[in-house]
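Shown next, in structure tokens, is the structure this report addresses.
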Amino acid sequence: MFRDRGVNRSEFGEGFTIIELTITIAIVALLSATIVGYQRDAGNRRELTLDAQKVMQDLRRVQNYALSAKAALCGTQTVVVNYGVRFVPSTNLAVYQIFKDCSGNKLWASSETEETVRLSYSSIRTISPNYGGTLQVVFIPPAPDTAVNGNSTTAGRTASMTICHRRKTSVCKSIVVNEKGAISVQ
């Protein structure tokens with residue numbers, strides 16, 4: 001049929017068939033979808049890392065307040081106090097309070113809140129140990145001592161929490177504070 005019009009296949013050279021082109025496009029689309037999925041997961045992990053670093057930074061800031069014996073206004077007096085952080089688990093974006101322990105009981109009271117912090121991408125899923133649904137870490141000046149939920153005497157005490165990305169709940173990190181105040185993200 002082509003010969004009747006004066007055209008034959010050899011004049012155009014060897015080309016790709018429609019099937020070969022379709023398969024090539026399908027492979028490129030599959031690879032692109034895989035790469036986009038990995039980039040989205042990498043973005044979720046990066047956002048979670050940012051939130052974990054924020055929590056760790058705030059814990060260290062509060063620890064520095066206590067260790068430098070930063071004075072705070074408690075009632076009408078300026079005194080050296082313990083400083084702490086109160087965490088509450090939630091499926092919503094994490095919110096925690098930084099507080100000054102004016103009463104000296106190593107526990108949070110609403111009147112002692114200095115700052116409320118909201119994380120951008122993560123929620124606090126689990127806490128340990130649990131004290132009335134919260135985890136409270138208090139740094140005691142001037143020695144590097146740490147109270148967990150009001151307890152500053154039990155040897156080997158640690159506080160840990162798991163924060164997870166709000167959209168991708170399988171992407172999680174653990175933050176641990178030991179009795180001497182060492183803070184780590186795992």
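Identifiers in this document derive from the order of the structure tokens: chains are assigned A, B, ..., residues are numbered from 1 separately in each chain, and ligands are numbered from 1 in order of occurrence.
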Select from stretch 38-142 of chain A everything DSSP, run on the backbone, classes as strand (DSSP E), then give the selection as a PyMOL selection string.
-> chain A and resi 71-74+77-80+82-87+95-101+113-118+122-128+135-140
With N, CA, C and O atoms retained, write the just-selected residues as a compact mmCIF listing (two decimals), in the first residue's frame.
```txt
# COMPACT_ATOMS: atom_id res chain seq x y z
N ALA A 71 17.09 33.90 87.91
CA ALA A 71 16.07 34.31 88.87
C ALA A 71 14.77 34.61 88.12
O ALA A 71 14.77 35.01 86.97
N ALA A 72 13.66 34.38 88.82
CA ALA A 72 12.34 34.63 88.23
C ALA A 72 11.48 35.35 89.26
O ALA A 72 11.67 35.20 90.47
N LEU A 73 10.53 36.10 88.77
CA LEU A 73 9.60 36.79 89.64
C LEU A 73 8.51 35.81 90.06
O LEU A 73 7.76 35.29 89.24
N CYS A 74 8.46 35.54 91.34
CA CYS A 74 7.45 34.65 91.91
C CYS A 74 6.68 35.46 92.95
O CYS A 74 7.21 35.76 94.03
N GLN A 77 8.49 38.51 94.85
CA GLN A 77 9.94 38.32 95.06
C GLN A 77 10.59 37.77 93.80
O GLN A 77 9.99 36.98 93.07
N THR A 78 11.85 38.16 93.62
CA THR A 78 12.65 37.57 92.55
C THR A 78 13.57 36.56 93.21
O THR A 78 14.40 36.92 94.06
N VAL A 79 13.41 35.28 92.84
CA VAL A 79 14.17 34.20 93.46
C VAL A 79 14.69 33.24 92.39
O VAL A 79 14.18 33.20 91.27
N VAL A 80 15.69 32.45 92.78
CA VAL A 80 16.19 31.38 91.91
C VAL A 80 15.23 30.21 92.03
O VAL A 80 14.88 29.78 93.14
N ASN A 82 13.48 26.37 90.12
CA ASN A 82 13.61 25.28 89.15
C ASN A 82 12.88 25.71 87.89
O ASN A 82 11.91 26.47 87.95
N TYR A 83 13.31 25.17 86.76
CA TYR A 83 12.60 25.40 85.49
C TYR A 83 12.23 24.06 84.90
O TYR A 83 12.99 23.09 85.03
N GLY A 84 11.09 24.00 84.22
CA GLY A 84 10.65 22.73 83.66
C GLY A 84 9.85 22.87 82.39
O GLY A 84 9.51 23.97 81.95
N VAL A 85 9.53 21.71 81.82
CA VAL A 85 8.70 21.62 80.62
C VAL A 85 7.63 20.57 80.88
O VAL A 85 7.92 19.49 81.41
N ARG A 86 6.40 20.89 80.53
CA ARG A 86 5.26 19.99 80.72
C ARG A 86 4.74 19.58 79.34
O ARG A 86 4.39 20.43 78.52
N PHE A 87 4.68 18.27 79.11
CA PHE A 87 4.21 17.71 77.84
C PHE A 87 2.90 16.97 78.06
O PHE A 87 2.75 16.26 79.06
N VAL A 95 1.52 20.70 71.83
CA VAL A 95 1.64 21.94 72.58
C VAL A 95 2.25 21.58 73.92
O VAL A 95 1.83 20.60 74.55
N TYR A 96 3.25 22.34 74.34
CA TYR A 96 3.83 22.10 75.66
C TYR A 96 4.12 23.43 76.34
O TYR A 96 4.22 24.46 75.70
N GLN A 97 4.23 23.37 77.68
CA GLN A 97 4.46 24.58 78.46
C GLN A 97 5.86 24.57 79.06
O GLN A 97 6.32 23.55 79.58
N ILE A 98 6.50 25.72 79.00
CA ILE A 98 7.75 25.95 79.72
C ILE A 98 7.35 26.72 80.97
O ILE A 98 6.60 27.70 80.89
N PHE A 99 7.83 26.26 82.13
CA PHE A 99 7.37 26.89 83.37
C PHE A 99 8.51 27.08 84.37
O PHE A 99 9.54 26.43 84.31
N LYS A 100 8.28 28.03 85.27
CA LYS A 100 9.16 28.26 86.42
C LYS A 100 8.47 27.65 87.63
O LYS A 100 7.27 27.83 87.82
N ASP A 101 9.21 26.90 88.41
CA ASP A 101 8.64 26.18 89.55
C ASP A 101 8.74 27.04 90.80
O ASP A 101 9.60 26.82 91.65
N THR A 113 3.30 29.04 84.30
CA THR A 113 3.63 28.95 82.88
C THR A 113 4.32 30.22 82.40
O THR A 113 3.81 31.32 82.60
N GLU A 114 5.48 30.06 81.80
CA GLU A 114 6.23 31.18 81.23
C GLU A 114 5.92 31.32 79.74
O GLU A 114 5.87 32.41 79.21
N GLU A 115 5.79 30.17 79.05
CA GLU A 115 5.63 30.18 77.60
C GLU A 115 4.91 28.90 77.17
O GLU A 115 5.16 27.83 77.72
N THR A 116 4.06 29.02 76.19
CA THR A 116 3.42 27.86 75.58
C THR A 116 3.95 27.73 74.16
O THR A 116 3.96 28.71 73.41
N VAL A 117 4.42 26.53 73.82
CA VAL A 117 5.04 26.29 72.52
C VAL A 117 4.18 25.30 71.73
O VAL A 117 3.74 24.29 72.26
N ARG A 118 3.97 25.60 70.45
CA ARG A 118 3.21 24.71 69.56
C ARG A 118 4.15 24.25 68.46
O ARG A 118 4.80 25.05 67.80
N SER A 122 4.12 18.02 64.24
CA SER A 122 4.10 16.76 64.98
C SER A 122 3.15 16.79 66.16
O SER A 122 2.79 17.84 66.67
N SER A 123 2.82 15.58 66.60
CA SER A 123 2.03 15.41 67.82
C SER A 123 2.82 14.52 68.77
O SER A 123 3.67 13.74 68.35
N ILE A 124 2.54 14.66 70.06
CA ILE A 124 3.17 13.81 71.07
C ILE A 124 2.28 12.59 71.23
O ILE A 124 1.12 12.71 71.64
N ARG A 125 2.80 11.41 70.88
CA ARG A 125 1.99 10.18 70.91
C ARG A 125 2.06 9.47 72.25
O ARG A 125 1.05 9.07 72.79
N THR A 126 3.27 9.28 72.77
CA THR A 126 3.41 8.55 74.03
C THR A 126 4.38 9.30 74.94
O THR A 126 5.27 9.99 74.48
N ILE A 127 4.13 9.14 76.24
CA ILE A 127 5.03 9.70 77.25
C ILE A 127 5.29 8.63 78.30
O ILE A 127 4.46 7.74 78.52
N SER A 128 6.45 8.70 78.91
CA SER A 128 6.78 7.75 79.97
C SER A 128 7.80 8.40 80.89
O SER A 128 8.78 8.96 80.41
N LEU A 135 3.75 14.55 81.14
CA LEU A 135 5.15 14.28 81.45
C LEU A 135 5.77 15.62 81.80
O LEU A 135 5.69 16.56 81.01
N GLN A 136 6.35 15.70 83.00
CA GLN A 136 6.94 16.95 83.45
C GLN A 136 8.42 16.72 83.75
O GLN A 136 8.77 15.86 84.56
N VAL A 137 9.27 17.48 83.09
CA VAL A 137 10.72 17.39 83.28
C VAL A 137 11.16 18.72 83.89
O VAL A 137 10.94 19.78 83.31
N VAL A 138 11.76 18.65 85.08
CA VAL A 138 12.17 19.85 85.80
C VAL A 138 13.66 19.77 86.07
O VAL A 138 14.17 18.75 86.56
N PHE A 139 14.36 20.85 85.75
CA PHE A 139 15.80 20.94 86.00
C PHE A 139 16.02 21.75 87.26
O PHE A 139 15.46 22.82 87.44
N ILE A 140 16.87 21.20 88.15
CA ILE A 140 17.04 21.75 89.49
C ILE A 140 18.42 22.40 89.61
O ILE A 140 19.44 21.74 89.42
```
May I have all residues of stretch 30-183 of chain A that DSSP, computed from the backbone, assigns to alpha helix (DSSP H), given as a ChimeraX atom specification?
-> /A:30-67
Neighbour list for stretch 166-177 of chain A as a tab-separated table (two decimals) with N, CA and C atoms, in the first residue's frame, cut-off 9 Å, only C-alpha atoms, skip fewer than 2 positions in-chain:
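Dumped everything to selection.tsv:
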```tsv
chain	number	residue	atom	x	y	z
A	41	ASP	N	8.07	11.39	51.55
A	41	ASP	CA	8.50	10.78	52.82
A	41	ASP	C	9.70	11.51	53.40
A	44	ASN	N	8.44	14.61	55.06
A	44	ASN	CA	7.82	14.30	56.36
A	44	ASN	C	8.89	14.06	57.42
A	45	ARG	N	9.93	13.31	57.07
A	45	ARG	CA	11.02	13.05	58.02
A	45	ARG	C	11.75	14.34	58.38
A	48	LEU	N	9.55	16.29	60.80
A	48	LEU	CA	9.61	15.68	62.12
A	48	LEU	C	10.93	16.00	62.81
A	49	THR	N	12.02	15.95	62.06
A	49	THR	CA	13.32	16.28	62.63
A	49	THR	C	13.35	17.72	63.13
A	52	ALA	N	11.48	17.73	66.42
A	52	ALA	CA	12.28	17.07	67.47
A	52	ALA	C	13.42	17.98	67.92
A	55	VAL	N	11.98	20.69	70.24
A	55	VAL	CA	11.74	20.19	71.60
A	55	VAL	C	13.07	20.09	72.34
A	56	MET	N	14.08	19.52	71.69
A	56	MET	CA	15.39	19.36	72.33
A	56	MET	C	15.99	20.73	72.65
A	59	LEU	N	14.19	22.10	75.70
A	59	LEU	CA	14.64	21.40	76.92
A	59	LEU	C	16.01	21.92	77.36
A	91	THR	N	-3.31	13.82	69.69
A	91	THR	CA	-3.23	13.48	68.26
A	91	THR	C	-3.18	14.75	67.42
A	92	ASN	N	-3.44	15.90	68.03
A	92	ASN	CA	-3.32	17.17	67.34
A	92	ASN	C	-1.87	17.64	67.40
A	93	LEU	N	-1.60	18.78	66.82
A	93	LEU	CA	-0.25	19.32	66.90
A	93	LEU	C	0.15	19.50	68.36
A	121	TYR	N	4.53	20.46	62.98
A	121	TYR	CA	4.18	19.31	62.15
A	121	TYR	C	3.86	18.05	62.94
A	122	SER	N	4.12	18.02	64.24
A	122	SER	CA	4.10	16.76	64.98
A	122	SER	C	3.15	16.79	66.16
A	123	SER	N	2.82	15.58	66.60
A	123	SER	CA	2.03	15.41	67.82
A	123	SER	C	2.82	14.52	68.77
A	125	ARG	N	2.80	11.41	70.88
A	125	ARG	CA	1.99	10.18	70.91
A	125	ARG	C	2.06	9.47	72.25
A	137	VAL	N	9.27	17.48	83.09
A	137	VAL	CA	10.72	17.39	83.28
A	137	VAL	C	11.16	18.72	83.89
A	146	THR	N	17.78	16.39	87.70
A	146	THR	CA	16.54	16.45	86.94
A	146	THR	C	15.44	15.71	87.69
A	148	VAL	N	11.66	14.08	87.31
A	148	VAL	CA	10.70	13.59	86.33
A	148	VAL	C	9.38	13.39	87.05
A	157	ARG	N	16.13	7.33	86.89
A	157	ARG	CA	14.89	7.88	86.33
A	157	ARG	C	15.16	8.52	84.98
A	158	THR	N	14.27	8.29	84.05
A	158	THR	CA	14.35	8.90	82.73
A	158	THR	C	12.95	9.33	82.30
A	159	ALA	N	12.93	10.31	81.44
A	159	ALA	CA	11.68	10.76	80.83
A	159	ALA	C	11.81	10.50	79.35
A	160	SER	N	10.78	9.96	78.73
A	160	SER	CA	10.82	9.75	77.29
A	160	SER	C	9.47	10.05	76.69
A	161	MET	N	9.53	10.51	75.45
A	161	MET	CA	8.30	10.76	74.72
A	161	MET	C	8.53	10.41	73.26
A	162	THR	N	7.48	10.07	72.61
A	162	THR	CA	7.53	9.78	71.18
A	162	THR	C	6.71	10.83	70.47
A	163	ILE	N	7.35	11.50	69.50
A	163	ILE	CA	6.60	12.44	68.68
A	163	ILE	C	6.51	11.85	67.27
A	164	CYS	N	5.36	12.01	66.67
A	164	CYS	CA	5.12	11.46	65.33
A	164	CYS	C	4.60	12.57	64.42
A	179	GLU	N	18.41	11.22	84.29
A	179	GLU	CA	18.43	11.88	85.58
A	179	GLU	C	19.47	12.97	85.71
A	180	LYS	N	20.51	12.94	84.90
A	180	LYS	CA	21.55	13.98	84.95
A	180	LYS	C	21.29	15.07	83.92
A	181	GLY	N	20.21	14.96	83.18
A	181	GLY	CA	19.84	16.00	82.24
A	181	GLY	C	20.33	15.81	80.82
A	182	ALA	N	20.95	14.66	80.53
A	182	ALA	CA	21.39	14.40	79.16
A	182	ALA	C	20.15	14.22	78.28
A	183	ILE	N	20.11	14.92	77.16
A	183	ILE	CA	18.94	14.91	76.27
A	183	ILE	C	19.38	14.28	74.95
A	184	SER	N	18.60	13.32	74.46
A	184	SER	CA	18.94	12.69	73.18
A	184	SER	C	17.68	12.48	72.35
A	185	VAL	N	17.88	12.48	71.03
A	185	VAL	CA	16.80	12.19	70.09
A	185	VAL	C	17.17	10.92	69.37
A	186	GLN	N	16.24	9.97	69.33
A	186	GLN	CA	16.51	8.67	68.71
A	186	GLN	C	15.50	8.39	67.64
```
